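Structure file protein_24.txt with compact mmCIF, C-alpha atoms:
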# COMPACT_ATOMS: atom_id res chain seq x y z
CA MET A 119 0.00 0.00 0.00
CA SER A 120 1.34 3.45 -0.84
CA GLU A 121 2.08 5.99 1.85
CA GLN A 122 -0.83 8.25 0.95
CA ALA A 123 -3.33 5.41 0.99
CA LYS A 124 -2.01 4.27 4.37
CA ALA A 125 -2.33 7.75 5.85
CA SER A 126 -5.86 8.20 4.54
CA ASN A 127 -6.80 4.76 5.85
CA ILE A 128 -5.61 5.64 9.32
CA THR A 129 -7.39 8.99 9.44
CA GLU A 130 -10.55 7.39 8.09
CA GLN A 131 -10.55 4.75 10.78
CA THR A 132 -9.85 7.15 13.61
CA ALA A 133 -12.38 9.67 12.37
CA LYS A 134 -15.13 7.06 12.36
CA GLY A 135 -17.13 6.79 15.51
CA GLY A 136 -15.83 9.95 17.09
CA VAL A 137 -13.20 8.29 19.24
CA LEU A 138 -12.05 11.57 20.73
CA LEU A 139 -15.60 12.50 21.68
CA LYS A 140 -16.12 9.17 23.43
CA LEU A 141 -12.87 9.51 25.31
CA ILE A 142 -13.71 13.03 26.46
CA ALA A 143 -17.15 11.86 27.60
CA PHE A 144 -15.67 8.98 29.58
CA SER A 145 -12.98 11.12 31.16
CA LEU A 146 -15.55 13.64 32.33
CA SER A 147 -17.90 10.98 33.62
CA LEU A 148 -15.08 9.24 35.50
CA GLY A 149 -14.36 12.50 37.25
CA ILE A 150 -17.90 13.68 37.86
CA VAL A 151 -20.03 10.54 38.41
CA PRO A 152 -18.38 9.01 41.51
CA ILE A 153 -18.05 12.15 43.59
CA SER A 154 -21.48 13.45 42.66
CA SER A 155 -23.05 10.08 43.44
CA TYR A 156 -21.29 10.17 46.82
CA PHE A 157 -22.71 13.52 47.83
CA LEU A 158 -26.12 13.09 46.26
CA SER A 159 -26.66 9.61 47.71
CA GLU A 160 -25.43 10.75 51.12
CA LYS A 161 -27.94 13.55 51.14
CA TYR A 162 -30.99 12.04 49.49
CA VAL A 163 -30.76 8.25 49.67
CA TRP A 164 -28.88 7.19 52.80
CA ASN A 165 -29.93 9.95 55.26
CA GLY A 166 -26.39 11.08 56.07
CA ASN A 167 -24.76 7.64 56.38
CA SER A 168 -21.46 8.35 54.69
CA ASN A 169 -20.22 4.73 54.53
CA TYR A 170 -23.11 3.64 52.30
CA ALA A 171 -22.52 6.74 50.21
CA ALA A 172 -18.88 5.69 49.74
CA ILE A 173 -19.98 2.24 48.61
CA THR A 174 -22.39 3.88 46.16
CA ALA A 175 -19.59 6.03 44.76
CA VAL A 176 -17.33 3.00 44.29
CA LEU A 177 -20.12 1.13 42.53
CA ALA A 178 -20.73 4.12 40.26
CA ALA A 179 -17.04 4.32 39.33
CA ASN A 180 -16.98 0.62 38.51
CA VAL A 181 -20.12 0.97 36.41
CA VAL A 182 -18.35 3.66 34.36
CA LEU A 183 -15.41 1.29 33.90
CA VAL A 184 -17.62 -1.62 32.76
CA VAL A 185 -19.49 0.64 30.32
CA TYR A 186 -16.14 1.78 28.90
CA ILE A 187 -14.97 -1.81 28.41
CA ILE A 188 -18.24 -2.74 26.69
CA VAL A 189 -18.10 0.33 24.42
CA SER A 190 -14.51 -0.42 23.44
CA ILE A 191 -15.36 -4.05 22.63
CA LEU A 192 -18.44 -3.07 20.63
CA GLU A 193 -16.49 -0.46 18.69
CA ASP A 194 -14.18 -3.10 17.32
CA ARG A 195 -16.88 -5.57 16.28
CA PRO A 196 -18.16 -4.55 12.82
CA PRO A 197 -15.29 -4.40 10.32
CA SER A 198 -15.57 -1.65 7.73
CA PRO A 199 -16.47 -3.35 4.41
CA SER A 200 -16.70 0.03 2.58
CA ALA A 201 -13.06 0.84 3.39
CA SER A 202 -11.77 -2.52 2.14
CA THR A 203 -13.78 -2.28 -1.12
CA ASP A 204 -12.49 1.30 -1.63
CA ARG A 205 -8.93 0.06 -1.23
CA LYS A 206 -9.54 -2.71 -3.75
CA LYS A 207 -10.98 -0.21 -6.25
CA ASN A 208 -7.98 2.14 -5.89
CA GLU A 209 -5.43 -0.66 -6.39
CA MET B 267 -8.20 18.95 76.82
CA SER B 268 -8.42 15.53 78.37
CA GLU B 269 -6.10 12.64 77.91
CA VAL B 270 -8.49 10.82 75.63
CA CYS B 271 -9.12 13.90 73.45
CA PRO B 272 -5.76 15.71 73.18
CA ALA B 273 -5.31 18.77 71.07
CA TYR B 274 -3.09 17.02 68.55
CA ALA B 275 -5.63 14.29 67.72
CA PRO B 276 -6.90 15.98 64.53
CA PHE B 277 -3.33 15.86 63.17
CA PHE B 278 -3.70 12.10 62.66
CA GLY B 279 -7.14 12.51 61.15
CA PHE B 280 -5.96 14.99 58.56
CA ALA B 281 -2.84 12.93 57.93
CA GLY B 282 -5.18 10.08 57.03
CA VAL B 283 -7.10 12.28 54.62
CA ALA B 284 -3.89 13.45 52.95
CA SER B 285 -2.19 10.07 52.77
CA SER B 286 -5.20 8.42 51.19
CA MET B 287 -5.25 10.94 48.36
CA ILE B 288 -1.47 11.26 47.96
CA PHE B 289 -0.50 7.62 47.75
CA SER B 290 -3.39 6.45 45.63
CA THR B 291 -2.65 9.30 43.21
CA VAL B 292 1.00 8.22 43.04
CA GLY B 293 -0.21 4.71 42.21
CA ALA B 294 -2.58 5.99 39.56
CA ALA B 295 0.19 8.13 38.05
CA LEU B 296 2.53 5.14 37.90
CA GLY B 297 -0.16 3.07 36.21
CA THR B 298 -1.13 5.76 33.73
CA SER B 299 2.41 6.64 32.73
CA LYS B 300 3.70 3.10 32.39
CA ALA B 301 0.66 1.95 30.41
CA GLY B 302 0.84 5.11 28.32
CA ILE B 303 4.27 4.13 27.08
CA GLY B 304 2.87 0.89 25.69
CA ILE B 305 -0.17 2.62 24.24
CA ALA B 306 2.00 5.12 22.41
CA GLY B 307 3.93 2.19 20.98
CA LEU B 308 0.70 0.49 19.88
CA GLY B 309 -0.65 3.70 18.41
CA THR B 310 2.07 3.87 15.80
CA PHE B 311 1.15 0.42 14.45
CA LYS B 312 -2.60 0.07 14.90
CA PRO B 313 -4.44 3.28 15.76
CA GLU B 314 -7.83 1.57 15.55
CA LEU B 315 -7.04 -0.38 18.72
CA ILE B 316 -6.51 2.72 20.82
CA MET B 317 -9.93 2.69 22.49
CA LYS B 318 -9.39 -0.86 23.74
CA SER B 319 -5.83 -0.23 24.77
CA LEU B 320 -6.84 2.69 27.00
CA ILE B 321 -8.47 0.33 29.49
CA PRO B 322 -5.39 0.30 31.80
CA VAL B 323 -5.51 4.09 31.92
CA VAL B 324 -9.19 4.07 32.90
CA MET B 325 -8.48 1.52 35.60
CA SER B 326 -5.68 3.68 36.98
CA GLY B 327 -8.18 6.51 37.14
CA ILE B 328 -10.48 4.32 39.18
CA ILE B 329 -7.65 3.77 41.68
CA ALA B 330 -7.40 7.53 42.12
CA VAL B 331 -11.18 7.67 42.56
CA TYR B 332 -10.90 5.14 45.39
CA GLY B 333 -8.41 7.39 47.16
CA LEU B 334 -10.62 10.41 46.58
CA VAL B 335 -13.70 8.68 47.99
CA VAL B 336 -11.86 7.63 51.15
CA SER B 337 -10.44 11.14 51.58
CA VAL B 338 -13.89 12.70 51.28
CA LEU B 339 -15.31 10.08 53.63
CA ILE B 340 -12.72 10.68 56.35
CA ALA B 341 -12.84 14.45 55.95
CA GLY B 342 -16.59 14.33 56.39
CA GLY B 343 -16.13 12.80 59.81
CA LEU B 344 -13.85 15.58 61.07
CA ASP B 345 -15.84 18.24 62.89
CA PRO B 346 -14.30 20.77 65.28
CA SER B 347 -17.54 21.24 67.20
CA LYS B 348 -17.72 17.56 68.19
CA ASP B 349 -15.52 15.34 70.37
CA TYR B 350 -12.53 14.01 68.50
CA THR B 351 -10.73 11.27 70.41
CA LEU B 352 -7.18 10.10 69.74
CA PHE B 353 -8.80 6.73 69.01
CA ALA B 354 -10.73 8.28 66.13
CA GLY B 355 -7.57 10.04 64.94
CA PHE B 356 -5.66 6.78 64.74
CA ILE B 357 -8.55 5.08 62.99
CA HIS B 358 -8.65 7.78 60.35
CA LEU B 359 -4.89 7.61 59.88
CA GLY B 360 -5.04 3.84 59.48
CA ALA B 361 -7.91 4.05 57.04
CA GLY B 362 -6.10 6.62 54.92
CA LEU B 363 -2.86 4.66 54.89
CA ALA B 364 -4.68 1.40 54.06
CA CYS B 365 -6.39 2.90 51.06
CA GLY B 366 -3.33 4.88 49.98
CA PHE B 367 -0.75 2.14 49.99
CA THR B 368 -3.02 -0.47 48.44
CA GLY B 369 -3.80 2.04 45.73
CA LEU B 370 -0.08 2.52 45.19
CA ALA B 371 0.37 -1.24 44.82
CA ALA B 372 -2.60 -1.59 42.50
CA GLY B 373 -1.49 1.29 40.29
CA TYR B 374 2.01 -0.14 40.03
CA ALA B 375 0.63 -3.52 38.94
CA ILE B 376 -1.79 -1.95 36.46
CA GLY B 377 1.05 0.02 34.90
CA TYR B 378 3.31 -2.93 34.24
CA VAL B 379 0.52 -5.27 33.14
CA GLY B 380 -1.03 -2.62 30.94
CA ASP B 381 2.26 -1.78 29.26
CA SER B 382 3.28 -5.31 28.35
CA CYS B 383 -0.21 -6.59 27.50
CA VAL B 384 -0.94 -3.63 25.25
CA ARG B 385 2.31 -4.21 23.40
CA ALA B 386 1.41 -7.89 22.96
CA TYR B 387 -2.08 -6.94 21.77
CA VAL B 388 -0.56 -5.52 18.57
CA TYR B 389 0.41 -9.02 17.48
CA GLU B 390 -2.17 -11.28 19.12
CA SER B 391 -5.75 -10.14 19.66
CA LYS B 392 -6.61 -12.93 22.10
CA VAL B 393 -4.39 -11.22 24.67
CA PHE B 394 -7.21 -8.74 25.25
CA VAL B 395 -9.34 -10.98 27.46
CA SER B 396 -6.43 -12.04 29.62
CA MET B 397 -5.31 -8.42 29.87
CA VAL B 398 -8.71 -7.37 31.21
CA LEU B 399 -8.72 -10.27 33.67
CA ILE B 400 -5.26 -9.49 35.02
CA LEU B 401 -6.12 -5.79 35.27
CA ILE B 402 -9.29 -6.58 37.21
CA PHE B 403 -7.28 -8.65 39.69
CA ALA B 404 -4.79 -5.81 40.03
CA GLU B 405 -7.52 -3.26 40.64
CA VAL B 406 -9.22 -5.39 43.24
CA LEU B 407 -6.12 -4.85 45.40
CA GLY B 408 -7.07 -1.20 45.66
CA LEU B 409 -10.65 -2.18 46.36
CA TYR B 410 -9.56 -4.31 49.34
CA GLY B 411 -7.81 -1.29 50.82
CA LEU B 412 -10.93 0.78 50.36
CA ILE B 413 -13.09 -1.88 52.06
CA VAL B 414 -10.72 -1.98 55.05
CA ALA B 415 -10.78 1.81 55.20
CA LEU B 416 -14.58 1.80 55.20
CA ILE B 417 -14.78 -0.83 57.92
CA MET B 418 -12.32 1.10 60.08
CA ASN B 419 -14.17 4.34 59.52
CA THR B 420 -17.41 2.94 60.88
CA ARG B 421 -15.78 2.63 64.31
CA ALA B 422 -14.46 6.17 64.46
CA THR B 423 -17.51 7.85 65.95
CA GLU B 424 -18.06 5.39 68.76
CA ALA B 425 -15.59 6.73 71.33
CA ARG B 426 -16.26 9.69 73.59
CA CYS B 427 -14.02 12.19 75.33
CA SER B 428 -14.79 11.59 79.01
Written as structure tokens, how would this file's structure read?
Amino acid sequence: MSEQAKASNITEQTAKGGVLLKLIAFSLSLGIVPISSYFLSEKYVWNGNSNYAAITAVLAANVVLVVYIIVSILEDRPPSPSASTDRKKNE
Amino acid sequence: MSEVCPAYAPFFGFAGVASSMIFSTVGAALGTSKAGIGIAGLGTFKPELIMKSLIPVVMSGIIAVYGLVVSVLIAGGLDPSKDYTLFAGFIHLGAGLACGFTGLAAGYAIGYVGDSCVRAYVYESKVFVSMVLILIFAEVLGLYGLIVALIMNTRATEARCS
């Protein structure tokens, strides 16, 4: 494969799916979700019991992690048939 | 100030708050940086695998979140208007150190495992499942420290000054 085709292939694959957007969303949620769930659950759900609120925050952080793993696995699943047929047409 | 509630008791409480955050952040930084080296290496060969290869970095972030949660938890129990026994101070220090040092260990493990597994993932895609499994076992180390910190913290309010 020529250099130009390789470069365009890479940018095409990274541009698909908005990888940067997903990463920004997960970074923000990993920062915001646990600590907000701690304070909100302490105030509204557990009536001031801070230990249960800490457990809730840990569970929320792990939920974010599991969702990230699932999203990353699902992103890889469907191969791009349009890209491979384009490459075959160009060569 | 009585013997059970000396004036220097809050020093240990705040030392617990600080040590929980400091050491777990050091662990998370070790994990992120070491795994980032491998991810940068993978990125030059297969940029489409970057989302999957960032899993060690996310797990290192979770270690830092554990330290943050324990810090907030301990700091919430420190109140100048209430009795603060030396017993409670030692409990808070122990809880902070437990979470902090286990987070340091977990971050260290995540860094090394993430680096080498991500590099191997370039060549063999079946490494992914084993990488996630090993990373989960490494992160659970930090979770154990957090559980111990939580259990210790439940005892902190039981003692009284007189």
When you get a sec, could you note down which chain A residues fall within 8 Å of chain B, using all atoms listed in the file, as a list in words?
-> Ile128, Gln131, Thr132, Val137, Leu141, Leu148, Gly149, Pro152, Ile153, Tyr156, Ser168, Asn169, Ala172, Ala175, Val176, Ala179, Asn180, Leu183, Tyr186, Ile187, Ser190, Ile191 and Asp194 of chain A
Just-selected residues, C-alpha atoms written as a CSV table (one decimal), keeping the file's coordinate frame:
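Writing the result to part-v4.csv gives the following:
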chain,number,residue,atom,x,y,z
A,128,ILE,CA,-5.6,5.6,9.3
A,131,GLN,CA,-10.6,4.8,10.8
A,132,THR,CA,-9.8,7.2,13.6
A,137,VAL,CA,-13.2,8.3,19.2
A,141,LEU,CA,-12.9,9.5,25.3
A,148,LEU,CA,-15.1,9.2,35.5
A,149,GLY,CA,-14.4,12.5,37.2
A,152,PRO,CA,-18.4,9.0,41.5
A,153,ILE,CA,-18.0,12.2,43.6
A,156,TYR,CA,-21.3,10.2,46.8
A,168,SER,CA,-21.5,8.4,54.7
A,169,ASN,CA,-20.2,4.7,54.5
A,172,ALA,CA,-18.9,5.7,49.7
A,175,ALA,CA,-19.6,6.0,44.8
A,176,VAL,CA,-17.3,3.0,44.3
A,179,ALA,CA,-17.0,4.3,39.3
A,180,ASN,CA,-17.0,0.6,38.5
A,183,LEU,CA,-15.4,1.3,33.9
A,186,TYR,CA,-16.1,1.8,28.9
A,187,ILE,CA,-15.0,-1.8,28.4
A,190,SER,CA,-14.5,-0.4,23.4
A,191,ILE,CA,-15.4,-4.0,22.6
A,194,ASP,CA,-14.2,-3.1,17.3
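Comparing A:Leu146, A:Val151, A:Val163, A:Leu158 by their smallest distance to A:Ala178, the closest is A:Val151 (using all atoms listed in the file).
Coordinates place atom CA of B:Ser337 at a distance of 26.5 Å from atom CA of B:Gly302.
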If you count only C-alpha atoms, which residues fall within 7 Å of stretch 289-292 of chain B, apart from same-chain ones fewer than 6 positions away, as a PyMOL selection string?
-> chain B and resi 329-330+333+366-367+369-370
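For the pair atom CA of B:Leu399 and atom CA of B:Ser299, the separation is 20.3 Å.
Atom CA of B:Ala281 sits 26.7 Å away from atom CA of B:Gly377.
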Determine, counting all atoms listed in the file, every residue of protein, DNA or RNA that lies within 9 Å of (-13.3, 10.6, 69.3) in the file coordinates, then give the result as a list in words.
-> Val270, Cys271, Ala275, Lys348, Asp349, Tyr350, Thr351, Leu352, Phe353, Ala354, Gly355, Ala422, Thr423, Glu424, Ala425, Arg426 and Cys427 of chain B
